[in-house]
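Shown here: run12.cif, mmCIF, C-alpha atoms and all ligand atoms.
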```cif
data_data
loop_
_atom_site.label_atom_id
_atom_site.label_comp_id
_atom_site.auth_asym_id
_atom_site.auth_seq_id
_atom_site.Cartn_x
_atom_site.Cartn_y
_atom_site.Cartn_z
CA MET A 1 131.96 62.03 150.10
CA LYS A 2 129.96 65.22 150.74
CA ASP A 3 132.98 67.38 149.87
CA THR A 4 133.81 65.30 146.80
CA ILE A 5 130.36 65.60 145.27
CA LEU A 6 129.95 69.30 146.09
CA LYS A 7 133.35 70.02 144.56
CA LYS A 8 132.50 68.05 141.45
CA PHE A 9 129.12 69.79 141.32
CA GLY A 10 130.95 73.13 141.16
CA GLU A 11 133.21 71.90 138.39
CA VAL A 12 130.37 70.49 136.32
CA PHE A 13 127.80 73.23 136.81
CA GLY A 14 130.08 76.29 137.17
CA ASP A 15 129.61 76.81 140.93
CA ALA A 16 128.04 74.99 143.86
CA GLU A 17 126.03 77.88 145.26
CA GLY A 18 122.81 76.69 146.87
CA ALA A 19 123.74 73.03 146.41
CA LYS A 20 123.08 70.50 149.17
CA ALA A 21 124.27 66.93 149.49
CA PHE A 22 122.16 63.81 150.11
CA PHE A 23 122.41 60.02 150.32
CA ALA A 24 120.11 57.06 149.71
CA PRO A 25 121.20 53.45 150.30
CA GLY A 26 121.12 50.34 148.13
CA ARG A 27 119.40 47.22 149.45
CA VAL A 28 119.84 43.50 149.75
CA ASN A 29 117.00 41.07 150.28
CA LEU A 30 117.77 38.36 152.84
CA ILE A 31 114.80 36.15 151.95
CA GLY A 32 111.37 36.46 150.31
CA GLU A 33 112.11 36.68 146.59
CA HIS A 34 109.48 37.32 143.92
CA THR A 35 106.86 37.46 146.64
CA ASP A 36 106.32 41.22 146.67
CA TYR A 37 103.99 41.30 143.67
CA ASN A 38 102.14 38.25 145.00
CA GLY A 39 100.94 39.77 148.26
CA GLY A 40 103.62 37.94 150.23
CA HIS A 41 106.35 38.85 152.72
CA VAL A 42 109.87 40.11 152.06
CA PHE A 43 112.82 40.60 154.41
CA PRO A 44 115.25 43.12 152.92
CA CYS A 45 117.62 45.62 154.50
CA ALA A 46 119.22 48.89 153.41
CA LEU A 47 123.00 48.96 152.98
CA THR A 48 125.64 51.51 153.89
CA ILE A 49 126.58 51.68 150.20
CA GLY A 50 124.25 53.62 147.93
CA THR A 51 123.84 56.78 145.89
CA TYR A 52 125.23 60.18 146.85
CA GLY A 53 123.70 63.24 145.25
CA ALA A 54 124.18 67.01 145.19
CA ALA A 55 121.33 69.19 144.01
CA ARG A 56 120.12 72.76 143.79
CA VAL A 57 117.06 74.58 142.57
CA ARG A 58 117.19 76.65 139.37
CA LYS A 59 115.27 79.79 138.45
CA ASP A 60 113.97 78.34 135.18
CA ARG A 61 112.33 74.96 134.37
CA LYS A 62 115.49 73.35 133.02
CA LEU A 63 116.84 70.06 134.39
CA ARG A 64 120.56 69.36 134.21
CA PHE A 65 121.86 65.95 135.26
CA PHE A 66 125.38 64.61 135.65
CA SER A 67 126.47 61.20 136.98
CA MET A 68 130.03 60.56 138.08
CA ASN A 69 129.35 56.90 137.25
CA PHE A 70 128.59 57.80 133.64
CA ASP A 71 130.83 60.86 133.31
CA HIS A 72 131.54 60.10 129.65
CA LEU A 73 127.91 61.05 128.96
CA GLY A 74 128.52 64.57 130.25
CA VAL A 75 125.68 66.84 131.34
CA ILE A 76 122.28 65.59 130.17
CA GLU A 77 119.67 68.31 129.83
CA SER A 78 115.93 68.13 129.95
CA SER A 79 113.01 70.23 131.13
CA LEU A 80 110.16 69.91 133.59
CA ASP A 81 107.89 70.56 130.63
CA ASP A 82 109.24 67.54 128.79
CA LEU A 83 109.09 64.64 131.23
CA LYS A 84 108.93 61.57 129.04
CA ALA A 85 111.00 58.38 128.94
CA GLU A 86 113.50 58.32 126.08
CA LYS A 87 116.13 55.75 125.28
CA GLU A 88 118.77 58.46 124.69
CA ALA A 89 118.08 59.87 128.16
CA GLY A 90 119.79 56.77 129.68
CA TRP A 91 119.99 56.82 133.46
CA THR A 92 118.22 60.21 133.68
CA ASN A 93 114.95 58.39 132.97
CA TYR A 94 115.03 57.40 136.66
CA PRO A 95 115.12 60.92 138.13
CA LYS A 96 112.80 62.19 135.39
CA GLY A 97 110.38 59.35 136.15
CA VAL A 98 110.22 60.35 139.82
CA MET A 99 109.56 64.00 138.91
CA TRP A 100 106.85 62.87 136.51
CA ALA A 101 105.35 60.65 139.23
CA PHE A 102 105.30 63.51 141.79
CA GLU A 103 103.46 65.65 139.25
CA LYS A 104 101.01 62.79 138.57
CA LYS A 105 100.36 62.47 142.30
CA GLY A 106 99.49 66.15 142.49
CA PHE A 107 102.79 67.66 143.68
CA SER A 108 103.65 70.39 141.25
CA ILE A 109 107.41 70.91 140.97
CA PRO A 110 107.86 74.69 140.83
CA SER A 111 111.32 74.96 139.27
CA GLY A 112 114.08 73.11 137.50
CA MET A 113 117.16 71.61 139.16
CA ASP A 114 120.83 70.81 138.71
CA ILE A 115 121.54 67.32 140.02
CA LEU A 116 124.81 65.40 140.27
CA LEU A 117 124.94 61.76 141.37
CA ASN A 118 127.72 59.45 142.46
CA GLY A 119 126.88 55.89 143.45
CA ASN A 120 129.06 53.25 145.05
CA ILE A 121 126.72 50.32 144.47
CA PRO A 122 128.49 47.98 142.06
CA ASN A 123 127.02 48.48 138.58
CA GLY A 124 124.29 46.06 137.52
CA SER A 125 124.73 44.11 140.74
CA GLY A 126 121.05 43.80 141.55
CA LEU A 127 121.49 45.81 144.75
CA SER A 128 118.89 48.24 143.45
CA SER A 129 120.88 51.15 142.18
CA SER A 130 117.81 52.34 140.25
CA ALA A 131 115.50 52.26 143.28
CA SER A 132 118.25 54.01 145.23
CA VAL A 133 118.27 56.83 142.67
CA GLU A 134 114.47 57.00 142.71
CA VAL A 135 114.27 57.30 146.50
CA LEU A 136 117.13 59.80 146.54
CA ILE A 137 115.35 62.03 144.03
CA GLY A 138 112.05 61.76 145.94
CA TYR A 139 113.86 62.75 149.11
CA ILE A 140 115.60 65.68 147.36
CA LEU A 141 112.27 66.96 145.97
CA LYS A 142 110.72 66.77 149.43
CA GLU A 143 113.66 68.60 151.02
CA PHE A 144 113.77 71.44 148.49
CA PHE A 145 110.07 71.95 147.83
CA GLY A 146 108.59 70.97 151.21
CA PHE A 147 106.20 68.37 149.77
CA GLU A 148 104.30 66.65 152.54
CA VAL A 149 105.27 63.07 151.86
CA SER A 150 106.50 60.38 154.23
CA ASN A 151 109.39 58.07 153.36
CA GLN A 152 106.80 55.39 152.66
CA ASP A 153 105.09 57.75 150.18
CA ILE A 154 108.47 58.35 148.53
CA ALA A 155 108.83 54.57 148.13
CA LEU A 156 105.39 54.27 146.55
CA ILE A 157 106.02 57.19 144.20
CA GLY A 158 109.35 55.61 143.20
CA GLN A 159 107.61 52.31 142.42
CA TYR A 160 104.92 54.18 140.48
CA ALA A 161 107.64 55.81 138.39
CA GLU A 162 109.41 52.51 137.77
CA ASN A 163 106.13 50.83 136.71
CA ASN A 164 104.59 53.58 134.65
CA PHE A 165 107.51 55.65 133.38
CA ASN A 166 110.25 53.05 133.00
CA GLY A 167 108.02 50.07 132.20
CA VAL A 168 109.31 47.59 134.79
CA ASN A 169 106.41 46.01 136.64
CA CYS A 170 108.37 45.71 139.91
CA GLY A 171 106.86 45.26 143.34
CA ILE A 172 107.38 47.59 146.29
CA MET A 173 110.28 45.82 147.99
CA ASP A 174 113.27 47.76 146.68
CA GLN A 175 111.95 51.28 147.13
CA PHE A 176 110.46 50.39 150.51
CA ALA A 177 113.65 48.79 151.82
CA ILE A 178 115.63 51.85 150.78
CA ALA A 179 113.23 54.55 151.94
CA MET A 180 112.51 52.84 155.28
CA GLY A 181 115.99 51.44 155.99
CA LYS A 182 117.22 51.19 159.56
CA LYS A 183 120.78 50.54 160.68
CA ASP A 184 121.41 46.93 161.79
CA HIS A 185 117.79 45.94 161.09
CA ALA A 186 116.00 44.13 158.30
CA ILE A 187 112.41 45.01 157.41
CA PHE A 188 109.79 42.28 157.65
CA LEU A 189 107.25 43.69 155.23
CA ASP A 190 103.87 42.23 154.34
CA THR A 191 103.36 43.50 150.80
CA ALA A 192 99.63 42.69 150.98
CA ASP A 193 98.98 45.69 153.24
CA LEU A 194 102.41 47.30 153.74
CA SER A 195 102.45 46.50 157.46
CA TYR A 196 106.00 45.98 158.65
CA THR A 197 108.26 45.43 161.63
CA TYR A 198 111.99 45.90 162.05
CA ALA A 199 113.97 42.84 163.07
CA PRO A 200 117.41 43.39 164.58
CA ILE A 201 120.13 41.54 162.71
CA LYS A 202 122.74 40.80 165.30
CA LEU A 203 125.18 38.58 163.56
CA GLU A 204 127.60 37.53 166.21
CA GLY A 205 130.69 36.14 164.57
CA ALA A 206 129.28 36.27 161.03
CA LYS A 207 128.86 38.77 158.20
CA LEU A 208 126.74 39.37 155.15
CA VAL A 209 128.77 38.81 152.01
CA ILE A 210 127.56 39.80 148.57
CA ALA A 211 128.99 38.00 145.56
CA CYS A 212 128.43 39.84 142.33
CA SER A 213 128.23 37.60 139.25
CA ASN A 214 129.20 40.38 136.82
CA LYS A 215 126.84 38.77 134.37
CA LYS A 216 125.64 41.37 131.92
CA ARG A 217 121.89 41.72 132.18
CA GLY A 218 120.08 40.74 129.04
CA LEU A 219 116.39 40.04 128.88
CA GLY A 220 116.10 40.42 132.62
CA ASP A 221 113.33 42.95 132.68
CA SER A 222 111.09 41.27 130.11
CA LYS A 223 111.56 37.91 131.89
CA TYR A 224 110.67 39.67 135.12
CA ASN A 225 107.40 40.90 133.66
CA GLU A 226 106.80 37.41 132.25
CA ARG A 227 107.14 35.77 135.68
CA ARG A 228 104.80 38.33 137.10
CA SER A 229 102.11 37.63 134.55
CA GLU A 230 102.52 33.84 135.00
CA CYS A 231 101.75 34.36 138.69
CA GLU A 232 98.81 36.59 137.89
CA THR A 233 97.31 33.96 135.58
CA ALA A 234 97.83 31.23 138.19
CA LEU A 235 96.14 33.44 140.78
CA ALA A 236 93.14 34.04 138.51
CA GLU A 237 92.83 30.25 138.01
CA LEU A 238 92.99 29.60 141.76
CA GLN A 239 90.48 32.34 142.47
CA LYS A 240 87.85 30.33 140.58
CA GLU A 241 88.05 27.79 143.40
CA ILE A 242 89.19 29.63 146.50
CA ASP A 243 88.66 33.13 147.81
CA ILE A 244 92.15 34.68 147.96
CA LYS A 245 93.56 38.10 147.07
CA GLY A 246 97.10 36.97 146.32
CA LEU A 247 99.27 33.84 146.31
CA GLY A 248 100.59 35.08 149.64
CA ASP A 249 97.23 34.20 151.21
CA LEU A 250 97.87 30.48 150.76
CA THR A 251 99.60 28.12 153.16
CA GLU A 252 101.54 25.21 151.66
CA ASP A 253 98.67 22.81 152.50
CA LYS A 254 96.01 24.96 150.90
CA PHE A 255 98.17 25.30 147.80
CA GLU A 256 98.59 21.54 147.52
CA GLN A 257 94.85 21.13 147.94
CA TYR A 258 93.90 23.62 145.22
CA LYS A 259 96.83 23.57 142.78
CA GLY A 260 94.81 21.41 140.34
CA ALA A 261 92.98 24.60 139.38
CA ILE A 262 96.14 25.84 137.63
CA LYS A 263 95.99 24.51 134.11
CA ASP A 264 99.65 24.64 133.13
CA PRO A 265 102.54 22.77 134.83
CA VAL A 266 104.92 25.73 134.44
CA ARG A 267 102.46 28.03 136.17
CA VAL A 268 102.07 25.45 138.97
CA LYS A 269 105.82 25.72 139.57
CA ARG A 270 105.77 29.53 139.54
CA ALA A 271 102.86 29.66 141.98
CA ARG A 272 104.43 26.99 144.19
CA HIS A 273 107.53 29.11 144.52
CA ALA A 274 105.51 32.20 145.45
CA VAL A 275 103.50 30.32 148.09
CA TYR A 276 106.38 28.35 149.65
CA GLU A 277 108.78 31.30 149.54
CA ASN A 278 106.31 33.45 151.40
CA GLN A 279 105.91 30.79 154.11
CA ARG A 280 109.68 30.35 154.23
CA THR A 281 110.13 34.05 154.83
CA ILE A 282 107.76 33.96 157.81
CA LYS A 283 109.61 30.92 159.17
CA ALA A 284 112.98 32.60 158.63
CA VAL A 285 111.98 35.67 160.62
CA ASN A 286 110.72 33.42 163.42
CA ALA A 287 114.01 31.53 163.34
CA LEU A 288 115.90 34.78 163.70
CA LYS A 289 113.73 35.82 166.64
CA ALA A 290 114.49 32.47 168.27
CA ASP A 291 118.22 33.08 167.63
CA ASP A 292 118.30 30.01 165.38
CA ILE A 293 120.67 31.36 162.77
CA ALA A 294 121.41 27.87 161.43
CA LEU A 295 117.74 27.41 160.52
CA PHE A 296 117.69 30.88 158.96
CA GLY A 297 120.62 29.79 156.78
CA ARG A 298 118.92 26.56 155.74
CA LEU A 299 115.83 28.49 154.72
CA MET A 300 118.04 30.80 152.62
CA ASN A 301 119.41 27.71 150.87
CA GLU A 302 115.92 26.33 150.26
CA SER A 303 114.91 29.69 148.84
CA HIS A 304 117.66 29.41 146.26
CA VAL A 305 116.66 25.88 145.27
CA SER A 306 113.08 27.04 144.73
CA LEU A 307 114.22 30.04 142.67
CA ARG A 308 116.41 27.71 140.62
CA ASP A 309 114.01 24.82 140.04
CA ASP A 310 110.50 26.26 140.29
CA TYR A 311 110.86 29.92 139.45
CA GLU A 312 113.81 29.45 137.06
CA VAL A 313 115.40 32.83 137.52
CA THR A 314 118.92 31.84 138.59
CA GLY A 315 121.09 30.72 135.67
CA ILE A 316 124.51 29.10 135.70
CA GLU A 317 126.31 32.14 137.12
CA LEU A 318 124.18 32.52 140.26
CA ASP A 319 123.91 28.75 140.69
CA THR A 320 127.68 28.40 140.56
CA LEU A 321 128.20 31.15 143.14
CA VAL A 322 125.65 29.61 145.50
CA GLU A 323 126.51 25.95 145.01
CA GLU A 324 130.21 26.69 145.53
CA ALA A 325 129.34 28.74 148.61
CA TRP A 326 127.43 25.81 150.10
CA LYS A 327 130.64 23.74 149.92
CA VAL A 328 132.61 26.16 152.11
CA GLU A 329 132.72 25.34 155.79
CA GLY A 330 131.44 28.28 157.83
CA VAL A 331 128.82 29.35 155.30
CA ILE A 332 125.53 29.49 157.21
CA GLY A 333 123.35 30.13 154.17
CA SER A 334 123.63 31.36 150.60
CA ARG A 335 121.13 32.34 147.92
CA MET A 336 120.59 34.58 144.92
CA THR A 337 119.05 37.93 145.83
CA GLY A 338 116.94 40.38 143.85
CA ALA A 339 115.29 39.69 140.52
CA GLY A 340 117.82 37.07 139.35
CA PHE A 341 118.98 36.47 135.76
CA GLY A 342 122.41 37.74 136.83
CA GLY A 343 123.07 40.19 139.63
CA CYS A 344 124.34 38.84 142.91
CA THR A 345 124.06 36.38 145.76
CA VAL A 346 123.88 37.02 149.49
CA SER A 347 125.59 34.71 151.95
CA LEU A 348 125.82 34.55 155.71
CA VAL A 349 129.41 33.66 156.43
CA LYS A 350 131.21 33.09 159.71
CA ASP A 351 133.99 35.64 160.25
CA GLU A 352 136.76 33.07 160.16
CA ALA A 353 135.46 31.61 156.88
CA ILE A 354 135.27 34.83 154.85
CA ASP A 355 138.74 34.54 153.31
CA ALA A 356 138.21 30.90 152.36
CA PHE A 357 134.79 31.81 150.98
CA THR A 358 136.00 34.52 148.63
CA GLU A 359 138.99 32.49 147.58
CA GLN A 360 137.24 29.17 146.91
CA VAL A 361 134.06 30.56 145.41
CA GLY A 362 136.03 33.12 143.37
CA LYS A 363 138.36 30.47 141.96
CA ALA A 364 135.62 28.00 141.07
CA TYR A 365 133.53 30.77 139.47
CA LEU A 366 136.38 31.98 137.30
CA ALA A 367 137.19 28.44 136.20
CA LYS A 368 133.61 27.60 135.28
CA ILE A 369 132.25 30.91 133.99
CA GLY A 370 135.39 32.42 132.48
CA TYR A 371 135.31 35.80 134.22
CA LYS A 372 135.64 37.06 137.77
CA ALA A 373 133.06 37.48 140.48
CA ASP A 374 133.43 40.35 142.97
CA PHE A 375 132.88 40.06 146.70
CA TYR A 376 131.72 42.68 149.19
CA VAL A 377 131.29 42.40 152.93
CA VAL A 378 128.36 44.72 153.56
CA GLU A 379 126.75 46.47 156.52
CA ILE A 380 123.13 47.33 157.14
CA GLY A 381 122.48 51.06 157.15
CA ASP A 382 119.78 53.72 157.45
CA GLY A 383 117.39 55.13 154.84
CA PRO A 384 117.87 58.42 152.91
CA CYS A 385 119.39 61.46 154.60
CA THR A 386 120.77 64.96 154.10
CA LEU A 387 124.54 64.98 154.51
C1 LIG B 1 113.31 43.15 141.79
C2 LIG B 1 112.04 43.97 141.96
C3 LIG B 1 111.39 43.73 143.33
C4 LIG B 1 111.23 42.24 143.61
C5 LIG B 1 112.53 41.48 143.31
C6 LIG B 1 112.35 39.98 143.40
O1 LIG B 1 114.29 43.58 142.68
O2 LIG B 1 112.31 45.34 141.80
O3 LIG B 1 110.16 44.40 143.40
O4 LIG B 1 110.16 41.71 142.89
O5 LIG B 1 113.03 41.77 142.02
O6 LIG B 1 112.07 39.59 144.70
#
```
Write out the structure in this file as structure tokens.
Ligand code: GLA
Amino acid sequence: MKDTILKKFGEVFGDAEGAKAFFAPGRVNLIGEHTDYNGGHVFPCALTIGTYGAARVRKDRKLRFFSMNFDHLGVIESSLDDLKAEKEAGWTNYPKGVMWAFEKKGFSIPSGMDILLNGNIPNGSGLSSSASVEVLIGYILKEFFGFEVSNQDIALIGQYAENNFNGVNCGIMDQFAIAMGKKDHAIFLDTADLSYTYAPIKLEGAKLVIACSNKKRGLGDSKYNERRSECETALAELQKEIDIKGLGDLTEDKFEQYKGAIKDPVRVKRARHAVYENQRTIKAVNALKADDIALFGRLMNESHVSLRDDYEVTGIELDTLVEEAWKVEGVIGSRMTGAGFGGCTVSLVKDEAIDAFTEQVGKAYLAKIGYKADFYVVEIGDGPCTL
């Protein structure tokens, strides 16, 4: 891939002198969904698929961007003196947002850049292609300009850009999982204080399979922000009765005891998901430590049910993929992953069941939804690197 992107860089920008190649992964969350903006736990991992990039420093303050995934858009130009989000700027709002965020955090970017990207994360799959681009750009800026930032700082700057430049009120999970990724490990992250541990994922005789719904994203982002504010209102109501910082501070029992403080039945459901999902995530990591993969799978299934019934972020496409997966013998667990409203599911599938899984789930999905789902057997990889 390094040679491919450097060659293309030369074609697009005239020559590849001074260009270096980099990579940042995508991510999948195994369990702990919509908990990261509620002070709860998440359990994601970085993937071996992600975003490749080639970049070099310019002598002026110009920015030139090219994506092999959107090659019909050609070279998109901008300037370090004009870092604002614009609809016409399309995908370049992600790299521009990170540059803007570095500047905001006090890291002055001394010169412009030529940047070419090529990602192999399926488009719109919910495997965090945007966070992958953000972390990649943060890493590139650090490498070229020697900014003293850790990978965790790069994650936080990426999230800051997403929130304040691109207007999506996301939590820290995606950028953190990508920036801090470790091969064959998932990250057990407490989003209340960013403490984390790595848990080895040794799947003997089973694999992680992603099923991509290919559902075009619609109102996803505004619904995302809506869920977030429902949780914030529920938290404020609970805080009148109990001293907590986030919904992640509550056990199931405490929630049941105090839920009467929440004045709206929909908000009770949203908060219940956040509380129970956080506890489920802790239980799931314990199950994994105890080598109880069957329990881990059951908790994945329960996570989906809660996202479907209480949080209401699944939809017929993701429900079909998951409910069909549950019918296949050899499926240990299956759930939607990421924000929802489309995107993909993650399933733990025994090696010998993978063919049956893709065939049966694929067939049922096509029959019910009217278009194809795509399946990917994925591996857990490291965080960003220079190639
Ligand atoms: C998106 C956001 C994350 C997280 C998930 C849901 O991926 O970017 O911060 O909230 O949705 O768990």
Quiz item: Quick one: of A:Lys62, A:Lys183, A:His41, A:Lys142, who's nearest to ligand LIG 1 (chain B), counting only C-alpha atoms and all ligand atoms?
Solution: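 Of the candidates, the smallest distance to ligand LIG 1 (chain B) is held by A:His41.
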As JSON, please: the centre and edge lengths in Å, to one decimal, of an axis-aligned box enclosing every listed atom of region 34-50 of chain A with 8 Å added on each side.
```
{"center_x": 113.8, "center_y": 45.5, "center_z": 149.1, "size_x": 41.6, "size_y": 32.3, "size_z": 26.8}
```
Practice problem: Please provide the set of residues having any atom within 8 Å of Val378 (chain A), restricted to all atoms listed in the file, with same-chain residues fewer than 3 positions apart removed, written as a count of residues only. | Solution: 7
With ligand LIG 1 (chain B) as the partner and 7 Å as the cut-off, tabulate the residues of chain A that qualify, each row holding the nearest pair of atoms and their distance in Å to one decimal, using only C-alpha atoms and all ligand atoms, sorted by chain and rising number, as JSON lines.
```
{"residue": "A:Gly32", "atom": "CA", "partner": "B:LIG1", "partner_atom": "O6", "distance": 6.5}
{"residue": "A:Glu33", "atom": "CA", "partner": "B:LIG1", "partner_atom": "O6", "distance": 3.5}
{"residue": "A:His34", "atom": "CA", "partner": "B:LIG1", "partner_atom": "O6", "distance": 3.5}
{"residue": "A:Thr35", "atom": "CA", "partner": "B:LIG1", "partner_atom": "O6", "distance": 6.0}
{"residue": "A:Asp36", "atom": "CA", "partner": "B:LIG1", "partner_atom": "O4", "distance": 5.4}
{"residue": "A:Tyr37", "atom": "CA", "partner": "B:LIG1", "partner_atom": "O4", "distance": 6.2}
{"residue": "A:Gly126", "atom": "CA", "partner": "B:LIG1", "partner_atom": "O1", "distance": 6.9}
{"residue": "A:Ser128", "atom": "CA", "partner": "B:LIG1", "partner_atom": "O1", "distance": 6.6}
{"residue": "A:Cys170", "atom": "CA", "partner": "B:LIG1", "partner_atom": "O3", "distance": 4.1}
{"residue": "A:Gly171", "atom": "CA", "partner": "B:LIG1", "partner_atom": "O3", "distance": 3.4}
{"residue": "A:Ile172", "atom": "CA", "partner": "B:LIG1", "partner_atom": "O3", "distance": 5.1}
{"residue": "A:Met173", "atom": "CA", "partner": "B:LIG1", "partner_atom": "O3", "distance": 4.8}
{"residue": "A:Asp174", "atom": "CA", "partner": "B:LIG1", "partner_atom": "O2", "distance": 5.5}
{"residue": "A:Gly338", "atom": "CA", "partner": "B:LIG1", "partner_atom": "O1", "distance": 4.3}
{"residue": "A:Ala339", "atom": "CA", "partner": "B:LIG1", "partner_atom": "O5", "distance": 3.4}
```
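Residues in contact range of Asn286 (chain A), defined as at most 10 Å between only C-alpha atoms, with sequence neighbours fewer than 6 positions away removed, read Ala199, Arg280, Asp292, Leu295 and Phe296 of chain A.
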Practice problem: For CA of Gly26 (chain A) and CA of Val328 (chain A), quote the distance in Å rounded to one decimal. | Solution: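 Atom-to-atom, CA of Gly26 (chain A) to CA of Val328 (chain A), that is 27.1 Å.
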Self-check item: Selection: 9 Å around region 304-317 of chain A, all atoms listed in the file, excl. self and same-chain fewer than 4 positions, as a ChimeraX atom specification
Solution: /A:33-34,213-215,223-224,227,266,268-274,276-277,299-300,321-322,334-337,339-342,365,368-369
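Note that CA of Ala155 (chain A) and CA of Ile244 (chain A) are 26.0 Å apart.
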Quiz prompt | For CA of Phe147 (chain A) and CA of Leu117 (chain A), the interatomic separation in Å (one decimal) | solution =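 Value for the CA of Phe147 (chain A)-CA of Leu117 (chain A) distance: 21.6 Å.
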Can you rebuild region 13-26 of chain A with N, CA, C and O atoms and give it as a short mmCIF file (atom, residue, chain, number, x, y, z; two decimals), in the frame of the given file?
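Written file, rebuild_33.cif:
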```cif
data_model
loop_
_atom_site.label_atom_id
_atom_site.label_comp_id
_atom_site.auth_asym_id
_atom_site.auth_seq_id
_atom_site.Cartn_x
_atom_site.Cartn_y
_atom_site.Cartn_z
N PHE A 13 128.85 72.25 137.04
CA PHE A 13 127.80 73.23 136.81
C PHE A 13 128.25 74.69 137.01
O PHE A 13 127.44 75.58 137.16
N GLY A 14 129.57 74.92 137.07
CA GLY A 14 130.08 76.29 137.17
C GLY A 14 130.33 76.73 138.59
O GLY A 14 131.40 77.25 138.91
N ASP A 15 129.40 76.53 139.50
CA ASP A 15 129.61 76.81 140.93
C ASP A 15 128.66 75.92 141.72
O ASP A 15 127.77 75.28 141.14
N ALA A 16 128.87 75.89 143.04
CA ALA A 16 128.04 74.99 143.86
C ALA A 16 127.12 75.80 144.79
O ALA A 16 126.65 75.29 145.80
N GLU A 17 126.87 77.04 144.42
CA GLU A 17 126.03 77.88 145.26
C GLU A 17 124.61 77.31 145.40
O GLU A 17 123.99 76.97 144.40
N GLY A 18 124.17 77.19 146.63
CA GLY A 18 122.81 76.69 146.87
C GLY A 18 122.70 75.19 146.80
O GLY A 18 121.60 74.63 146.98
N ALA A 19 123.81 74.50 146.55
CA ALA A 19 123.74 73.03 146.41
C ALA A 19 123.80 72.37 147.79
O ALA A 19 124.52 72.81 148.68
N LYS A 20 123.03 71.30 147.94
CA LYS A 20 123.08 70.50 149.17
C LYS A 20 123.36 69.06 148.80
O LYS A 20 123.04 68.63 147.68
N ALA A 21 123.89 68.31 149.78
CA ALA A 21 124.27 66.93 149.49
C ALA A 21 123.37 65.94 150.24
O ALA A 21 122.93 66.20 151.37
N PHE A 22 123.11 64.81 149.60
CA PHE A 22 122.16 63.81 150.11
C PHE A 22 122.70 62.41 149.86
O PHE A 22 123.61 62.21 149.06
N PHE A 23 122.04 61.43 150.52
CA PHE A 23 122.41 60.02 150.32
C PHE A 23 121.17 59.14 150.40
O PHE A 23 120.28 59.40 151.21
N ALA A 24 121.11 58.14 149.55
CA ALA A 24 120.11 57.06 149.71
C ALA A 24 120.83 55.72 149.52
O ALA A 24 121.68 55.59 148.63
N PRO A 25 120.48 54.73 150.35
CA PRO A 25 121.20 53.45 150.30
C PRO A 25 120.80 52.55 149.13
O PRO A 25 119.82 52.83 148.43
N GLY A 26 121.55 51.48 148.95
CA GLY A 26 121.12 50.34 148.13
C GLY A 26 120.45 49.35 149.07
O GLY A 26 120.30 49.62 150.27
#
```
